[in-house]
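A quick write-up on the structure given underneath.
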Amino acid sequence: PALGAERFARVKVPNNVPRFVPVIDDRTVLPLEELIAAQLPQLFPGMDVGEHHLFRVTRNADVEVEEDRDEDLLQALERELARRRFGPAVRLEVGEAMDQHMLDLLIRELDMDADDVLRVPGLIDLSSLWSLYDVEAPTLKDPPFVPATHPRLTEGETAKSVFATLREGDVLVHHPYDSFATSVQRFIEQAAADENVLAIKLTLYRTSGDSPIVAALAEAAAAGKQVVVLVEVKARFDEEANISWAKTLERAGCHVVYGLVGLKTHCKTALVVRREGGGLRRYCHIGTGNYNPKTARMYEDLGILTADPTVGADLTDLFNVLTGYSRQTAYRNLLVAPYGVRRGLLERIERETAHAREGQASGIDFKLNSLVDESIIDALYRASNAGVPVRLLIRGICTLRPGVPDLSDNIQVRSVVGRFLEHARTFCFHNGGESEWWIGSADLMHRNLDRRVEVLLRVGDAAAASHLTWMMDAAMAEDTSAWDLQPDAAWKHSGGGRDLQLLLMAQHKNRTD
């Protein structure tokens, strides 16, 4: 103070202690940054604290590895991850009260532009609010929900293996309504323990910290089974966890591969080869969500468990592509990106367009997270102009404009936001009255269609197709609570009062099929 010089000091808010500090009782909390601000004179004794402001810097998290040059991908990734916290700043969040003088200083020192700045009202970094969910306040929370075991997978008085069930027909599981633990997880665990299983192959994009799937795969390898796991170590923000899982699986004796150069492997596929009756039978799972039992309780996803020989042959071919030198691009019941998904969907959209022009029954129903691919959007516009009814259930990004005269009159776009994160991807083409359903991992974005390995499976089971049709009809019904996209890109509430997810919870709890 005696010198009158102005000094700038940065105090880092620690991220290894709770963000909210209890005061008075555990239901009254104070943000840690406000507690620090109140005690700043103790940190700078003999100084006058003129002003203080909160800010948060986001850095570029992209990891660049030259896969065709780096001989050890894991080492190269670990080296790049260590540099991530020093990456260039790409976003600066500041409190509303920060003055321009302080903001200019931060922009200058961080080498940023004014366009990179976001003024945030209230708390910065709302993800910390998850910790408040632990407060004991049952009246403020959803009632507890326990996923149900799929009726086809229920073990009665006599235990029945998943394999025996699948030999009788496909099983469509709809998470979180159908339990992941008693369906997909049990499938992998039974395969690991079954002495007749010879091989297990699986793609792993994201999983939980204490993954029972990884544990089962390790046990299978220890038992002498051939276990092949494609671990996507380039899954953003899960790179370190996936590197750790890859090393764990390798130590257990699994054959771990890291996919194709230049592509992320995002598909959700599992293949089990079992010795039966003097021959071999293949069992498969193809889904829309990760092999993660924790997110399977919060994310809405779909999966097919099947012993269909054609699907088994397709997955065998796909794993040969992912783990060897095969360059196959065409399959029987699969569409596989980056070669086949866009092309296959465009062909089917054009087929619906032709049906409409010929006066045949037509229709297109998509359920997605995001729709931004220009060629798909243009094809949907053409279908709409030909008279094809198009229903799009899209949770997130949608750059298509519905309801625009002479462009998209026959297109409806809706979003459902609820207790669970809508995450499944489904595609239906009415096909002149013989509906064709597909499910899989791909959204309609450039990254999914051009830079990832994605898989869509044609649904061959009539009961599964019937459930998908019922689900889509329920979601698009007038009395369902949802958000409808308007021609001007605004979202408007449908006015309906029926909660789709509550309906699905009740439907799965009470069903017997």
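Identifiers for the structure tokens are assigned positionally: chains receive A, B, ... in sequence, residues are indexed from 1 per chain, and ligands are indexed from 1 in the order shown.
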Problem - Test item: residues at most 8 Å from stretch 23-38 of chain A, only C-alpha atoms, excluding those fewer than 3 positions along its chain, as a PyMOL selection string - result: chain A and resi 13+18-20+41+52+54+135
Let's have the selection written as a tab-separated table (two decimals), in the first residue's frame, with C-alpha atoms.
```tsv
chain	number	residue	atom	x	y	z
A	13	VAL	CA	-9.33	-22.80	-6.54
A	18	PRO	CA	-15.41	-30.23	-2.27
A	19	ARG	CA	-16.67	-27.23	-4.26
A	20	PHE	CA	-19.36	-26.48	-1.67
A	41	PRO	CA	-6.44	-10.57	3.32
A	52	HIS	CA	-11.34	-9.94	-6.97
A	54	LEU	CA	-13.54	-15.48	-10.69
A	135	VAL	CA	-27.96	-34.11	0.21
```
Please, which residues in stretch 301-363 of chain A fall within 9 Å of stretch 411-426 of chain A when counting only C-alpha atoms, and what is the closest atom pair and distance in Å to one decimal for each, ordered by chain then residue number, as CSV?
```
residue,atom,partner,partner_atom,distance
A:Asp301,CA,A:Ala424,CA,4.4
A:Leu302,CA,A:Ala424,CA,5.8
A:Gly303,CA,A:Ala424,CA,8.9
```
Exercise: stretch 322-327 of chain A partners within 12 Å, only C-alpha atoms, chain neighbours under 5 positions left out, as an mmCIF file with N, CA and C atoms, in the first residue's frame:
```
data_model
loop_
_atom_site.group_PDB
_atom_site.id
_atom_site.type_symbol
_atom_site.label_atom_id
_atom_site.label_comp_id
_atom_site.auth_asym_id
_atom_site.auth_seq_id
_atom_site.Cartn_x
_atom_site.Cartn_y
_atom_site.Cartn_z
ATOM 1 N N LYS A 201 -14.795 -61.519 -28.495
ATOM 2 C CA LYS A 201 -14.247 -60.323 -29.124
ATOM 3 C C LYS A 201 -15.185 -59.155 -28.826
ATOM 4 N N LEU A 202 -14.619 -57.999 -28.475
ATOM 5 C CA LEU A 202 -15.449 -56.881 -28.017
ATOM 6 C C LEU A 202 -14.761 -55.561 -28.317
ATOM 7 N N THR A 203 -15.568 -54.544 -28.657
ATOM 8 C CA THR A 203 -15.047 -53.180 -28.819
ATOM 9 C C THR A 203 -15.354 -52.396 -27.545
ATOM 10 N N VAL A 228 -10.147 -61.041 -27.568
ATOM 11 C CA VAL A 228 -9.668 -59.918 -28.367
ATOM 12 C C VAL A 228 -10.495 -58.692 -27.981
ATOM 13 N N VAL A 229 -9.819 -57.638 -27.561
ATOM 14 C CA VAL A 229 -10.507 -56.412 -27.152
ATOM 15 C C VAL A 229 -9.940 -55.246 -27.937
ATOM 16 N N LEU A 230 -10.806 -54.572 -28.668
ATOM 17 C CA LEU A 230 -10.383 -53.341 -29.328
ATOM 18 C C LEU A 230 -10.680 -52.189 -28.373
ATOM 19 N N VAL A 231 -9.641 -51.624 -27.794
ATOM 20 C CA VAL A 231 -9.777 -50.518 -26.849
ATOM 21 C C VAL A 231 -9.499 -49.215 -27.583
ATOM 22 N N GLU A 232 -10.482 -48.330 -27.609
ATOM 23 C CA GLU A 232 -10.309 -47.051 -28.299
ATOM 24 C C GLU A 232 -9.617 -46.081 -27.347
ATOM 25 N N HIS A 255 -5.666 -60.220 -26.058
ATOM 26 C CA HIS A 255 -5.051 -59.605 -27.228
ATOM 27 C C HIS A 255 -5.719 -58.244 -27.415
ATOM 28 N N VAL A 256 -4.981 -57.181 -27.162
ATOM 29 C CA VAL A 256 -5.537 -55.830 -27.203
ATOM 30 C C VAL A 256 -5.058 -55.137 -28.469
ATOM 31 N N VAL A 257 -6.006 -54.583 -29.205
ATOM 32 C CA VAL A 257 -5.679 -53.821 -30.407
ATOM 33 C C VAL A 257 -6.302 -52.432 -30.279
ATOM 34 N N TYR A 258 -5.810 -51.517 -31.097
ATOM 35 C CA TYR A 258 -6.208 -50.116 -30.960
ATOM 36 C C TYR A 258 -6.902 -49.567 -32.192
ATOM 37 N N GLY A 259 -7.377 -50.454 -33.074
ATOM 38 C CA GLY A 259 -8.203 -49.992 -34.178
ATOM 39 C C GLY A 259 -7.426 -49.594 -35.410
ATOM 40 N N LEU A 260 -8.111 -48.888 -36.283
ATOM 41 C CA LEU A 260 -7.571 -48.535 -37.591
ATOM 42 C C LEU A 260 -6.944 -47.148 -37.561
ATOM 43 N N VAL A 261 -5.843 -47.002 -38.272
ATOM 44 C CA VAL A 261 -5.139 -45.722 -38.332
ATOM 45 C C VAL A 261 -6.066 -44.646 -38.893
ATOM 46 N N LEU A 263 -8.881 -43.541 -37.685
ATOM 47 C CA LEU A 263 -10.300 -43.686 -37.363
ATOM 48 C C LEU A 263 -10.474 -44.017 -35.890
ATOM 49 N N LYS A 264 -11.521 -43.463 -35.279
ATOM 50 C CA LYS A 264 -11.920 -43.895 -33.941
ATOM 51 C C LYS A 264 -12.927 -45.026 -34.080
ATOM 52 N N THR A 265 -12.782 -46.034 -33.252
ATOM 53 C CA THR A 265 -13.729 -47.146 -33.276
ATOM 54 C C THR A 265 -14.801 -46.880 -32.225
ATOM 55 N N HIS A 266 -15.982 -46.461 -32.698
ATOM 56 C CA HIS A 266 -17.067 -46.013 -31.827
ATOM 57 C C HIS A 266 -18.196 -47.039 -31.737
ATOM 58 N N CYS A 267 -18.128 -48.098 -32.556
ATOM 59 C CA CYS A 267 -19.214 -49.081 -32.567
ATOM 60 C C CYS A 267 -19.235 -49.876 -31.268
ATOM 61 N N THR A 269 -19.949 -53.474 -30.153
ATOM 62 C CA THR A 269 -20.157 -54.820 -30.674
ATOM 63 C C THR A 269 -19.440 -55.843 -29.812
ATOM 64 N N LEU A 315 -20.207 -59.921 -37.991
ATOM 65 C CA LEU A 315 -19.310 -59.450 -36.928
ATOM 66 C C LEU A 315 -17.941 -60.098 -37.033
ATOM 67 N N THR A 316 -17.892 -61.369 -37.449
ATOM 68 C CA THR A 316 -16.596 -62.012 -37.666
ATOM 69 C C THR A 316 -15.803 -61.249 -38.717
ATOM 70 N N ASP A 317 -16.462 -60.896 -39.806
ATOM 71 C CA ASP A 317 -15.794 -60.127 -40.858
ATOM 72 C C ASP A 317 -15.349 -58.759 -40.342
ATOM 73 N N VAL A 336 -21.658 -50.226 -42.173
ATOM 74 C CA VAL A 336 -20.460 -49.920 -41.397
ATOM 75 C C VAL A 336 -19.798 -48.664 -41.951
ATOM 76 N N PRO A 338 -16.539 -46.021 -42.051
ATOM 77 C CA PRO A 338 -16.842 -44.829 -42.849
ATOM 78 C C PRO A 338 -17.262 -45.092 -44.291
ATOM 79 N N TYR A 339 -17.509 -46.342 -44.654
ATOM 80 C CA TYR A 339 -17.807 -46.627 -46.062
ATOM 81 C C TYR A 339 -19.300 -46.798 -46.339
ATOM 82 N N ARG A 452 -15.036 -42.314 -38.140
ATOM 83 C CA ARG A 452 -15.214 -43.330 -37.104
ATOM 84 C C ARG A 452 -15.670 -44.647 -37.733
ATOM 85 N N VAL A 453 -15.381 -45.718 -37.004
ATOM 86 C CA VAL A 453 -15.979 -47.006 -37.341
ATOM 87 C C VAL A 453 -17.290 -47.093 -36.562
ATOM 88 N N GLU A 454 -18.395 -47.062 -37.279
ATOM 89 C CA GLU A 454 -19.726 -47.140 -36.694
ATOM 90 C C GLU A 454 -20.457 -48.328 -37.302
#
```
Within 9 Å of A:Met505, counting only C-alpha atoms, which residues show up once you throw out same-chain ones fewer than 4 positions away? Write them as a PDB file with N, CA and C atoms, in the first residue's frame, please.
```pdb
ATOM      1  N   PHE A 145     -35.438 -45.857  -8.918  1.00  0.00           N
ATOM      2  CA  PHE A 145     -35.832 -46.683 -10.061  1.00  0.00           C
ATOM      3  C   PHE A 145     -34.894 -47.876 -10.161  1.00  0.00           C
ATOM      4  N   PRO A 147     -34.013 -51.001 -12.613  1.00  0.00           N
ATOM      5  CA  PRO A 147     -34.277 -51.603 -13.919  1.00  0.00           C
ATOM      6  C   PRO A 147     -34.801 -53.034 -13.775  1.00  0.00           C
ATOM      7  N   ALA A 148     -35.640 -53.422 -14.712  1.00  0.00           N
ATOM      8  CA  ALA A 148     -36.227 -54.765 -14.677  1.00  0.00           C
ATOM      9  C   ALA A 148     -35.409 -55.713 -15.549  1.00  0.00           C
ATOM     10  N   PRO A 176     -32.399 -47.619 -19.779  1.00  0.00           N
ATOM     11  CA  PRO A 176     -32.172 -48.294 -18.501  1.00  0.00           C
ATOM     12  C   PRO A 176     -33.374 -49.109 -18.026  1.00  0.00           C
ATOM     13  N   TYR A 177     -34.420 -49.168 -18.840  1.00  0.00           N
ATOM     14  CA  TYR A 177     -35.639 -49.873 -18.420  1.00  0.00           C
ATOM     15  C   TYR A 177     -35.368 -51.366 -18.255  1.00  0.00           C
ATOM     16  N   LEU A 500     -42.874 -39.510 -21.507  1.00  0.00           N
ATOM     17  CA  LEU A 500     -42.519 -40.700 -22.276  1.00  0.00           C
ATOM     18  C   LEU A 500     -41.704 -41.686 -21.450  1.00  0.00           C
ATOM     19  N   GLN A 501     -40.763 -41.168 -20.677  1.00  0.00           N
ATOM     20  CA  GLN A 501     -39.898 -42.073 -19.927  1.00  0.00           C
ATOM     21  C   GLN A 501     -40.647 -42.757 -18.789  1.00  0.00           C
ATOM     22  N   LYS A 509     -41.892 -52.517 -16.662  1.00  0.00           N
ATOM     23  CA  LYS A 509     -42.118 -53.151 -15.362  1.00  0.00           C
ATOM     24  C   LYS A 509     -43.239 -54.179 -15.439  1.00  0.00           C
ATOM     25  N   ASN A 510     -44.233 -53.903 -16.260  1.00  0.00           N
ATOM     26  CA  ASN A 510     -45.439 -54.739 -16.282  1.00  0.00           C
ATOM     27  C   ASN A 510     -45.481 -55.748 -17.428  1.00  0.00           C
TER      28      ASN A 510
END
```
Practice task
Could you tell me, as a PyMOL selection string, which residues of stretch 73-284 of chain A DSSP assigns to helix (DSSP H, G or I) when given the backbone?
Solution key: chain A and resi 73-86+100-109+114-116+126-134+138-140+151-153+162-168+184-193+212-222+239-251
Next, write the just-selected residues to a file, as a CSV table (one decimal), in the first residue's frame, keeping C-alpha atoms as the atom set.
```csv
chain,number,residue,atom,x,y,z
A,73,LEU,CA,0.7,-45.6,-29.8
A,74,LEU,CA,0.3,-45.8,-26.0
A,75,GLN,CA,3.6,-44.1,-25.3
A,76,ALA,CA,2.8,-41.4,-27.8
A,77,LEU,CA,-0.7,-40.8,-26.3
A,78,GLU,CA,0.7,-40.7,-22.8
A,79,ARG,CA,3.2,-38.1,-23.9
A,80,GLU,CA,0.6,-35.9,-25.5
A,81,LEU,CA,-1.8,-36.2,-22.5
A,82,ALA,CA,0.9,-34.9,-20.3
A,83,ARG,CA,1.0,-31.8,-22.5
A,84,ARG,CA,-2.8,-31.3,-22.6
A,85,ARG,CA,-2.9,-29.0,-19.6
A,86,PHE,CA,-0.5,-26.7,-21.4
A,100,GLN,CA,-13.0,-4.4,-18.6
A,101,HIS,CA,-9.5,-3.5,-17.2
A,102,MET,CA,-9.2,-7.0,-15.6
A,103,LEU,CA,-10.7,-8.7,-18.6
A,104,ASP,CA,-8.3,-7.1,-21.0
A,105,LEU,CA,-5.4,-8.2,-18.9
A,106,LEU,CA,-6.6,-11.8,-18.9
A,107,ILE,CA,-7.2,-11.8,-22.7
A,108,ARG,CA,-3.7,-10.4,-23.3
A,109,GLU,CA,-1.9,-12.8,-20.9
A,114,ALA,CA,-12.6,-11.1,-27.1
A,115,ASP,CA,-14.8,-13.6,-29.0
A,116,ASP,CA,-13.5,-16.3,-26.8
A,126,LEU,CA,-22.2,-26.0,-13.0
A,127,SER,CA,-21.0,-29.6,-13.1
A,128,SER,CA,-20.1,-29.3,-9.4
A,129,LEU,CA,-23.9,-29.2,-8.7
A,130,TRP,CA,-23.8,-33.0,-8.9
A,131,SER,CA,-22.4,-33.0,-5.4
A,132,LEU,CA,-25.6,-31.5,-4.1
A,133,TYR,CA,-27.5,-34.5,-5.2
A,134,ASP,CA,-26.0,-36.3,-2.2
A,138,PRO,CA,-36.0,-37.3,-0.9
A,139,THR,CA,-38.9,-34.9,-1.8
A,140,LEU,CA,-36.6,-33.1,-4.2
A,151,PRO,CA,-38.7,-61.3,-19.3
A,152,ARG,CA,-36.9,-63.5,-21.8
A,153,LEU,CA,-33.8,-63.4,-19.6
A,162,VAL,CA,-28.3,-66.5,-22.1
A,163,PHE,CA,-27.1,-68.8,-24.9
A,164,ALA,CA,-30.1,-71.1,-24.6
A,165,THR,CA,-32.4,-68.1,-24.7
A,166,LEU,CA,-30.8,-66.6,-27.8
A,167,ARG,CA,-31.1,-69.9,-29.6
A,168,GLU,CA,-34.8,-69.4,-29.3
A,184,VAL,CA,-25.5,-57.5,-21.6
A,185,GLN,CA,-23.2,-57.9,-18.6
A,186,ARG,CA,-24.5,-61.4,-17.9
A,187,PHE,CA,-24.0,-62.3,-21.5
A,188,ILE,CA,-20.3,-61.4,-21.2
A,189,GLU,CA,-19.9,-62.9,-17.8
A,190,GLN,CA,-21.5,-66.2,-18.8
A,191,ALA,CA,-19.3,-66.3,-21.9
A,192,ALA,CA,-16.2,-65.9,-19.7
A,193,ALA,CA,-17.2,-68.7,-17.4
A,212,PRO,CA,-17.3,-55.9,-14.5
A,213,ILE,CA,-17.0,-56.2,-18.2
A,214,VAL,CA,-13.2,-55.8,-18.1
A,215,ALA,CA,-13.0,-58.2,-15.1
A,216,ALA,CA,-15.0,-60.8,-17.0
A,217,LEU,CA,-12.7,-60.5,-20.1
A,218,ALA,CA,-9.6,-60.8,-17.9
A,219,GLU,CA,-11.1,-63.9,-16.3
A,220,ALA,CA,-11.8,-65.4,-19.7
A,221,ALA,CA,-8.3,-64.9,-20.9
A,222,ALA,CA,-6.9,-66.4,-17.6
A,239,GLU,CA,-7.8,-41.6,-22.9
A,240,GLU,CA,-6.0,-42.2,-19.6
A,241,ALA,CA,-8.6,-44.5,-18.3
A,242,ASN,CA,-8.6,-46.5,-21.5
A,243,ILE,CA,-4.8,-46.8,-21.6
A,244,SER,CA,-5.0,-48.2,-18.0
A,245,TRP,CA,-7.7,-50.7,-19.1
A,246,ALA,CA,-5.6,-51.7,-22.1
A,247,LYS,CA,-2.6,-52.4,-19.9
A,248,THR,CA,-4.8,-54.4,-17.4
A,249,LEU,CA,-6.2,-56.5,-20.2
A,250,GLU,CA,-2.8,-57.2,-21.8
A,251,ARG,CA,-1.4,-58.3,-18.4
```
Exercise for the section: Find, counting only C-alpha atoms, the residue in A:Ser161, A:Ala5, A:Thr149, A:Arg56 that gets nearest to A:Leu110. Expected result: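 Distance minimum relative to A:Leu110 lands on A:Arg56.
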Exercise for the section: Fewer than 2 positions away in the same chain doesn't count, so skip those; otherwise give me all residues within 12 Å of A:Arg382, counting only C-alpha atoms, as a ChimeraX atom specification. Expected result: /A:346,349-354,356-357,375-380,384-390,406-411
C-alpha atoms of the current selection, written as a PDB file, in the first residue's frame:
```pdb
ATOM      1  CA  LEU A 346     -29.079 -42.271 -48.663  1.00  0.00           C
ATOM      2  CA  ILE A 349     -34.115 -42.360 -48.246  1.00  0.00           C
ATOM      3  CA  GLU A 350     -34.173 -42.213 -52.058  1.00  0.00           C
ATOM      4  CA  ARG A 351     -36.153 -45.472 -52.101  1.00  0.00           C
ATOM      5  CA  GLU A 352     -38.797 -43.886 -49.829  1.00  0.00           C
ATOM      6  CA  THR A 353     -38.847 -40.859 -52.126  1.00  0.00           C
ATOM      7  CA  ALA A 354     -39.482 -43.097 -55.119  1.00  0.00           C
ATOM      8  CA  ALA A 356     -44.009 -41.683 -52.462  1.00  0.00           C
ATOM      9  CA  ARG A 357     -43.840 -40.560 -56.084  1.00  0.00           C
ATOM     10  CA  SER A 375     -26.146 -34.860 -47.845  1.00  0.00           C
ATOM     11  CA  ILE A 376     -28.556 -36.637 -45.485  1.00  0.00           C
ATOM     12  CA  ILE A 377     -30.444 -33.385 -44.825  1.00  0.00           C
ATOM     13  CA  ASP A 378     -30.744 -32.607 -48.546  1.00  0.00           C
ATOM     14  CA  ALA A 379     -32.075 -36.121 -49.177  1.00  0.00           C
ATOM     15  CA  LEU A 380     -34.663 -35.679 -46.416  1.00  0.00           C
ATOM     16  CA  SER A 384     -40.421 -34.323 -47.934  1.00  0.00           C
ATOM     17  CA  ASN A 385     -41.090 -32.566 -51.241  1.00  0.00           C
ATOM     18  CA  ALA A 386     -42.092 -35.926 -52.738  1.00  0.00           C
ATOM     19  CA  GLY A 387     -44.631 -36.390 -49.954  1.00  0.00           C
ATOM     20  CA  VAL A 388     -42.737 -38.715 -47.601  1.00  0.00           C
ATOM     21  CA  PRO A 389     -43.761 -38.179 -43.932  1.00  0.00           C
ATOM     22  CA  VAL A 390     -40.510 -37.697 -41.991  1.00  0.00           C
ATOM     23  CA  ASP A 406     -41.918 -25.981 -50.331  1.00  0.00           C
ATOM     24  CA  LEU A 407     -38.847 -27.391 -48.568  1.00  0.00           C
ATOM     25  CA  SER A 408     -39.742 -29.439 -45.489  1.00  0.00           C
ATOM     26  CA  ASP A 409     -43.526 -29.308 -45.126  1.00  0.00           C
ATOM     27  CA  ASN A 410     -43.677 -33.021 -44.272  1.00  0.00           C
ATOM     28  CA  ILE A 411     -40.847 -33.072 -41.703  1.00  0.00           C
TER      29      ILE A 411
END
```
Exercise for the section: Find the spatial neighbours of A:Arg274, counting only C-alpha atoms, within a cut-off of 8 Å - ignore same-chain residues fewer than 4 positions away - and output them as a list in words. Expected result: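 Here the answer would be Asn196, Val197, Leu198, Ala199, Leu280, Arg281, Arg282 and Tyr283 of chain A.
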Practice task
Could you tell me, as a PyMOL selection string, which residues of stretch 209-374 of chain A DSSP assigns to strand (DSSP E or B) when given the backbone?
Solution key: chain A and resi 226-231+255-257+264-265+268-276+279-287+299-306+334-337+364-368+371
Exercise for the section: With a distance cut-off of 9 Å and only C-alpha atoms, select the neighbouring residues of A:Glu374, excluding the residue or stretch itself and same-chain residues fewer than 6 positions from it, and output the selection as number ranges by chain. Expected result: A: 399-400, 445
Practice task
Kindly indicate which residue among A:Thr306, A:Ala442, A:Asp484, A:Trp437 lies nearest to A:Met472, using only C-alpha atoms for the distances.
Solution key: A:Trp437
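In terms of minimum interatomic distance to A:Glu478, A:Arg498 ranks closest within A:Arg332, A:Arg498, A:His446, A:Arg342, counting only C-alpha atoms.
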